[in-house]
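Engineer: What follows is target.cif, made up of mmCIF, C-alpha atoms:
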```cif
data_work
#
loop_
_atom_site.group_PDB
_atom_site.id
_atom_site.type_symbol
_atom_site.label_atom_id
_atom_site.label_comp_id
_atom_site.auth_asym_id
_atom_site.auth_seq_id
_atom_site.Cartn_x
_atom_site.Cartn_y
_atom_site.Cartn_z
ATOM 1 C CA MET Y 1 96.317 96.033 93.393
ATOM 2 C CA ASN Y 2 97.808 98.455 90.871
ATOM 3 C CA LEU Y 3 101.402 98.026 89.706
ATOM 4 C CA LEU Y 4 103.617 100.279 87.630
ATOM 5 C CA THR Y 5 106.820 99.051 86.019
ATOM 6 C CA TYR Y 6 109.185 101.434 84.287
ATOM 7 C CA ASN Y 7 112.706 101.281 82.881
ATOM 8 C CA ILE Y 8 113.686 104.747 84.027
ATOM 9 C CA ARG Y 9 117.195 104.761 82.465
ATOM 10 C CA GLY Y 10 118.558 106.812 85.327
ATOM 11 C CA GLY Y 11 116.611 107.987 88.362
ATOM 12 C CA GLY Y 12 118.987 110.629 89.658
ATOM 13 C CA ALA Y 13 117.302 113.600 87.989
ATOM 14 C CA LEU Y 14 114.611 115.340 90.041
ATOM 15 C CA SER Y 15 112.475 115.748 86.889
ATOM 16 C CA LYS Y 16 112.309 111.954 86.430
ATOM 17 C CA ARG Y 17 111.445 111.395 90.075
ATOM 18 C CA LYS Y 18 108.662 114.012 89.824
ATOM 19 C CA ARG Y 19 107.297 112.299 86.702
ATOM 20 C CA VAL Y 20 107.216 108.931 88.477
ATOM 21 C CA SER Y 21 105.599 110.561 91.518
ATOM 22 C CA PHE Y 22 102.901 112.071 89.288
ATOM 23 C CA LEU Y 23 102.173 108.661 87.741
ATOM 24 C CA LEU Y 24 102.059 106.951 91.137
ATOM 25 C CA GLN Y 25 99.618 109.484 92.570
ATOM 26 C CA SER Y 26 97.386 109.946 89.508
ATOM 27 C CA LEU Y 27 97.102 106.210 88.758
ATOM 28 C CA LYS Y 28 96.749 105.230 92.437
ATOM 29 C CA ILE Y 29 99.641 102.777 92.242
ATOM 30 C CA ASP Y 30 100.258 100.357 95.123
ATOM 31 C CA ILE Y 31 103.592 98.904 93.947
ATOM 32 C CA CYS Y 32 106.151 100.569 91.665
ATOM 33 C CA LEU Y 33 109.015 98.636 90.051
ATOM 34 C CA LEU Y 34 111.836 100.637 88.472
ATOM 35 C CA GLN Y 35 114.675 99.218 86.407
ATOM 36 C CA GLU Y 36 117.973 100.787 85.405
ATOM 37 C CA THR Y 37 117.896 103.377 88.191
ATOM 38 C CA LYS Y 38 121.663 103.949 87.925
ATOM 39 C CA ILE Y 39 121.565 104.849 91.635
ATOM 40 C CA PRO Y 40 124.541 103.397 93.560
ATOM 41 C CA CYS Y 41 122.985 103.791 97.020
ATOM 42 C CA PHE Y 42 119.206 103.958 97.295
ATOM 43 C CA SER Y 43 117.831 105.693 100.409
ATOM 44 C CA ASP Y 44 114.651 106.621 102.284
ATOM 45 C CA SER Y 45 114.860 110.192 100.984
ATOM 46 C CA LEU Y 46 115.033 108.951 97.380
ATOM 47 C CA ALA Y 47 112.091 106.626 98.002
ATOM 48 C CA LYS Y 48 110.023 109.550 99.330
ATOM 49 C CA SER Y 49 111.135 111.663 96.376
ATOM 50 C CA PHE Y 50 109.871 109.027 93.917
ATOM 51 C CA TRP Y 51 106.671 108.340 95.852
ATOM 52 C CA GLY Y 52 105.913 111.971 96.547
ATOM 53 C CA GLU Y 53 104.866 111.388 100.152
ATOM 54 C CA ASN Y 54 105.670 109.522 103.344
ATOM 55 C CA GLY Y 55 104.282 106.046 103.914
ATOM 56 C CA VAL Y 56 106.470 104.331 101.353
ATOM 57 C CA GLU Y 57 108.625 101.250 101.858
ATOM 58 C CA TRP Y 58 111.215 99.925 99.456
ATOM 59 C CA THR Y 59 113.855 97.380 98.621
ATOM 60 C CA ALA Y 60 116.599 97.907 96.064
ATOM 61 C CA SER Y 61 119.470 96.380 94.222
ATOM 62 C CA ASN Y 62 121.925 99.224 93.824
ATOM 63 C CA SER Y 63 123.669 99.995 90.555
ATOM 64 C CA VAL Y 64 127.284 99.151 89.941
ATOM 65 C CA GLY Y 65 128.763 102.459 88.856
ATOM 66 C CA ALA Y 66 126.402 103.915 86.273
ATOM 67 C CA ALA Y 67 124.965 100.544 85.233
ATOM 68 C CA GLY Y 68 121.853 98.735 86.412
ATOM 69 C CA GLY Y 69 119.996 99.228 89.639
ATOM 70 C CA MET Y 70 116.436 98.207 90.509
ATOM 71 C CA VAL Y 71 113.969 99.239 93.163
ATOM 72 C CA ILE Y 72 110.541 98.148 94.331
ATOM 73 C CA LEU Y 73 108.513 100.825 96.123
ATOM 74 C CA TRP Y 74 105.145 100.185 97.771
ATOM 75 C CA LYS Y 75 102.536 101.870 99.931
ATOM 76 C CA LYS Y 76 103.310 101.006 103.517
ATOM 77 C CA ASP Y 77 99.717 100.063 104.354
ATOM 78 C CA SER Y 78 98.864 98.265 101.096
ATOM 79 C CA LEU Y 79 100.513 94.918 101.892
ATOM 80 C CA SER Y 80 102.000 92.901 104.728
ATOM 81 C CA LEU Y 81 105.661 92.283 103.838
ATOM 82 C CA ASN Y 82 107.177 88.935 104.822
ATOM 83 C CA TYR Y 83 110.643 89.511 103.335
ATOM 84 C CA SER Y 84 112.530 90.847 100.340
ATOM 85 C CA PHE Y 85 115.049 88.947 98.228
ATOM 86 C CA ILE Y 86 117.776 89.927 95.794
ATOM 87 C CA GLY Y 87 119.628 87.949 93.152
ATOM 88 C CA LYS Y 88 121.777 88.792 90.179
ATOM 89 C CA GLY Y 89 119.383 90.464 87.757
ATOM 90 C CA PHE Y 90 116.352 90.684 90.040
ATOM 91 C CA VAL Y 91 114.910 91.990 93.293
ATOM 92 C CA GLY Y 92 111.663 90.750 94.807
ATOM 93 C CA ILE Y 93 109.257 90.976 97.691
ATOM 94 C CA ASN Y 94 107.177 88.289 99.357
ATOM 95 C CA PHE Y 95 104.028 89.519 101.078
ATOM 96 C CA VAL Y 96 100.491 88.693 102.091
ATOM 97 C CA TRP Y 97 97.719 90.468 100.230
ATOM 98 C CA LYS Y 98 94.064 89.662 100.892
ATOM 99 C CA GLY Y 99 95.105 86.445 102.632
ATOM 100 C CA VAL Y 100 97.255 85.200 99.723
ATOM 101 C CA CYS Y 101 101.037 84.863 99.824
ATOM 102 C CA CYS Y 102 102.463 86.670 96.785
ATOM 103 C CA ASN Y 103 105.832 87.335 95.179
ATOM 104 C CA VAL Y 104 106.459 90.372 92.999
ATOM 105 C CA VAL Y 105 109.787 90.263 91.179
ATOM 106 C CA ASN Y 106 111.483 93.134 89.379
ATOM 107 C CA VAL Y 107 113.851 91.908 86.655
ATOM 108 C CA TYR Y 108 116.599 93.798 84.893
ATOM 109 C CA ALA Y 109 118.181 90.915 83.036
ATOM 110 C CA PRO Y 110 121.777 91.076 81.810
ATOM 111 C CA CYS Y 111 122.409 91.543 78.088
ATOM 112 C CA ASN Y 112 124.630 88.454 78.118
ATOM 113 C CA GLU Y 113 122.684 85.309 77.159
ATOM 114 C CA LEU Y 114 124.518 83.051 79.621
ATOM 115 C CA GLU Y 115 123.906 85.439 82.508
ATOM 116 C CA ARG Y 116 120.209 85.759 81.544
ATOM 117 C CA ARG Y 117 119.959 81.973 81.611
ATOM 118 C CA LEU Y 118 121.205 82.070 85.232
ATOM 119 C CA VAL Y 119 118.501 84.617 86.107
ATOM 120 C CA TRP Y 120 115.801 82.345 84.637
ATOM 121 C CA LYS Y 121 117.248 79.334 86.492
ATOM 122 C CA SER Y 122 117.452 81.172 89.824
ATOM 123 C CA LEU Y 123 113.857 82.433 89.606
ATOM 124 C CA LEU Y 124 112.577 78.991 88.585
ATOM 125 C CA GLU Y 125 114.305 77.457 91.626
ATOM 126 C CA ARG Y 126 112.665 80.067 93.878
ATOM 127 C CA LYS Y 127 109.283 79.275 92.373
ATOM 128 C CA ILE Y 128 109.771 75.527 92.875
ATOM 129 C CA ASN Y 129 110.632 76.158 96.547
ATOM 130 C CA HIS Y 130 107.589 78.439 96.968
ATOM 131 C CA GLY Y 131 105.208 76.748 94.533
ATOM 132 C CA SER Y 132 101.961 77.377 96.374
ATOM 133 C CA GLU Y 133 102.480 81.147 96.260
ATOM 134 C CA GLU Y 134 101.362 83.569 93.561
ATOM 135 C CA TRP Y 135 104.007 85.150 91.278
ATOM 136 C CA CYS Y 136 104.171 88.363 89.283
ATOM 137 C CA VAL Y 137 107.413 88.880 87.351
ATOM 138 C CA VAL Y 138 107.916 92.195 85.543
ATOM 139 C CA GLY Y 139 110.732 94.305 84.217
ATOM 140 C CA ASP Y 140 113.266 94.573 81.453
ATOM 141 C CA PHE Y 141 114.059 91.019 80.374
ATOM 142 C CA ASN Y 142 116.442 91.951 77.530
ATOM 143 C CA GLU Y 143 114.894 89.100 75.549
ATOM 144 C CA ILE Y 144 111.940 88.665 73.233
ATOM 145 C CA VAL Y 145 109.239 86.045 72.794
ATOM 146 C CA ARG Y 146 108.522 86.778 69.124
ATOM 147 C CA LYS Y 147 110.861 88.137 66.453
ATOM 148 C CA GLU Y 148 108.297 90.894 65.703
ATOM 149 C CA GLU Y 149 109.147 92.441 69.077
ATOM 150 C CA ARG Y 150 112.620 93.390 67.857
ATOM 151 C CA MET Y 151 112.612 96.955 66.515
ATOM 152 C CA GLY Y 152 114.299 98.029 63.291
ATOM 153 C CA GLU Y 153 114.698 96.387 59.949
ATOM 154 C CA GLY Y 154 117.158 93.523 59.981
ATOM 155 C CA SER Y 155 117.306 93.498 63.789
ATOM 156 C CA PHE Y 156 119.158 90.511 65.176
ATOM 157 C CA TYR Y 157 117.295 88.023 67.301
ATOM 158 C CA ASN Y 158 118.497 84.846 68.922
ATOM 159 C CA THR Y 159 116.212 81.851 68.375
ATOM 160 C CA ARG Y 160 117.773 79.912 71.268
ATOM 161 C CA GLY Y 161 117.379 82.867 73.656
ATOM 162 C CA MET Y 162 113.752 83.315 72.548
ATOM 163 C CA THR Y 163 113.033 79.627 73.141
ATOM 164 C CA GLU Y 164 114.655 79.692 76.591
ATOM 165 C CA PHE Y 165 112.658 82.808 77.515
ATOM 166 C CA GLN Y 166 109.420 81.201 76.291
ATOM 167 C CA ASP Y 167 110.260 78.105 78.373
ATOM 168 C CA PHE Y 168 110.935 80.330 81.408
ATOM 169 C CA ILE Y 169 107.524 82.017 81.035
ATOM 170 C CA GLU Y 170 105.807 78.638 80.677
ATOM 171 C CA ASN Y 171 107.674 76.949 83.554
ATOM 172 C CA MET Y 172 106.937 79.892 85.866
ATOM 173 C CA ASP Y 173 103.229 79.618 84.908
ATOM 174 C CA LEU Y 174 103.298 83.280 83.873
ATOM 175 C CA VAL Y 175 100.989 85.051 81.458
ATOM 176 C CA ASP Y 176 102.660 87.354 78.935
ATOM 177 C CA ILE Y 177 100.514 90.492 79.159
ATOM 178 C CA PRO Y 178 101.043 92.964 76.299
ATOM 179 C CA CYS Y 179 102.262 96.375 77.365
ATOM 180 C CA VAL Y 180 100.111 99.427 76.707
ATOM 181 C CA GLY Y 181 101.368 101.475 73.776
ATOM 182 C CA GLY Y 182 104.140 99.097 72.764
ATOM 183 C CA LYS Y 183 104.823 95.619 71.553
ATOM 184 C CA TYR Y 184 107.451 94.545 74.083
ATOM 185 C CA THR Y 185 107.080 91.594 76.411
#
```
Is it possible to give me this structure as structure tokens?

Structural biologist:
Amino acid sequence: MNLLTYNIRGGGALSKRKRVSFLLQSLKIDICLLQETKIPCFSDSLAKSFWGENGVEWTASNSVGAAGGMVILWKKDSLSLNYSFIGKGFVGINFVWKGVCCNVVNVYAPCNELERRLVWKSLLERKINHGSEEWCVVGDFNEIVRKEERMGEGSFYNTRGMTEFQDFIENMDLVDIPCVGGKYT
């Protein structure tokens, strides 16, 4: 299964939707997770515009004004959806793929440390309640694991936030996979 995650920083422009569509088609993506869509009301027509064809399903957490917004798009025939779920700072899908029950979660974590902590706690509780299932958590976490991930000389980093994020990754039994072309978590 091929996944694409992308902080689009606004998905209203046709040029951005065409770029995503090109990536989805050329890379043969099965599931696409977009953060910071800045779209207040996601729709079927927008989903088709991103995907570039029919046969796409989606679930979204709409933006509040011009802030936030997340969507998960997937090929209709690529997985058997059980349900979708939404929480503050994340949207996810639960599905069966090759006989295995899986959860894919798209995170756009708040910049506020206390609110991020609530996102980590909420996802950990979900995992505890669905422990036998597989989990893939991607997105924009607005937190780092190592101080080297912070760009710019003298960039501020929060040791407590880093530790809590590292604990979240460990407690979720996640593997921190380096991104291609960058050094972000």

Engineer: I'd like to see the residues matched by the PyMOL selection byres ((chain Y and resi 56) around 9) on this file, and ideally I'd get them as a VMD selection string.

Structural biologist: chain Y and resid 44 47 to 48 51 53 to 55 57 to 58 73 to 77

Engineer: Expand the PyMOL selection byres ((chain Y and resi 68) around 10) into the individual residues it matches in the shown file, reporting them as a list in words.

Structural biologist: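 In the shown coordinates, the PyMOL selection byres ((chain Y and resi 68) around 10) covers Arg9, Gly10, Gln35, Glu36, Thr37, Lys38, Ile39, Pro40, Ser61, Asn62, Ser63, Val64, Gly65, Ala66, Ala67, Gly69, Met70, Gly89, Tyr108, Ala109 and Pro110 of chain Y.
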
Engineer: Hey, which of Y:Leu79, Y:Ser84, Y:Glu133, Y:Leu114 ends up closest to Lys98 (chain Y)? Count only C-alpha atoms.

Structural biologist: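 Checking each candidate against Lys98 (chain Y), we get Y:Leu79 as the closest.
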
Engineer: What's around Ser80 (chain Y) at 8 Å? Count only C-alpha atoms, leave out sequence neighbours fewer than 5 positions away in its own chain, and write the answer as an MDAnalysis selection string.

Structural biologist: chainID Y and resid 95:97

Engineer: Using CA of Asn129 (chain Y) and CA of Phe165 (chain Y) as the two end points, give the distance in Å to one decimal.

Structural biologist: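 Between these atoms lies a distance of 20.3 Å.
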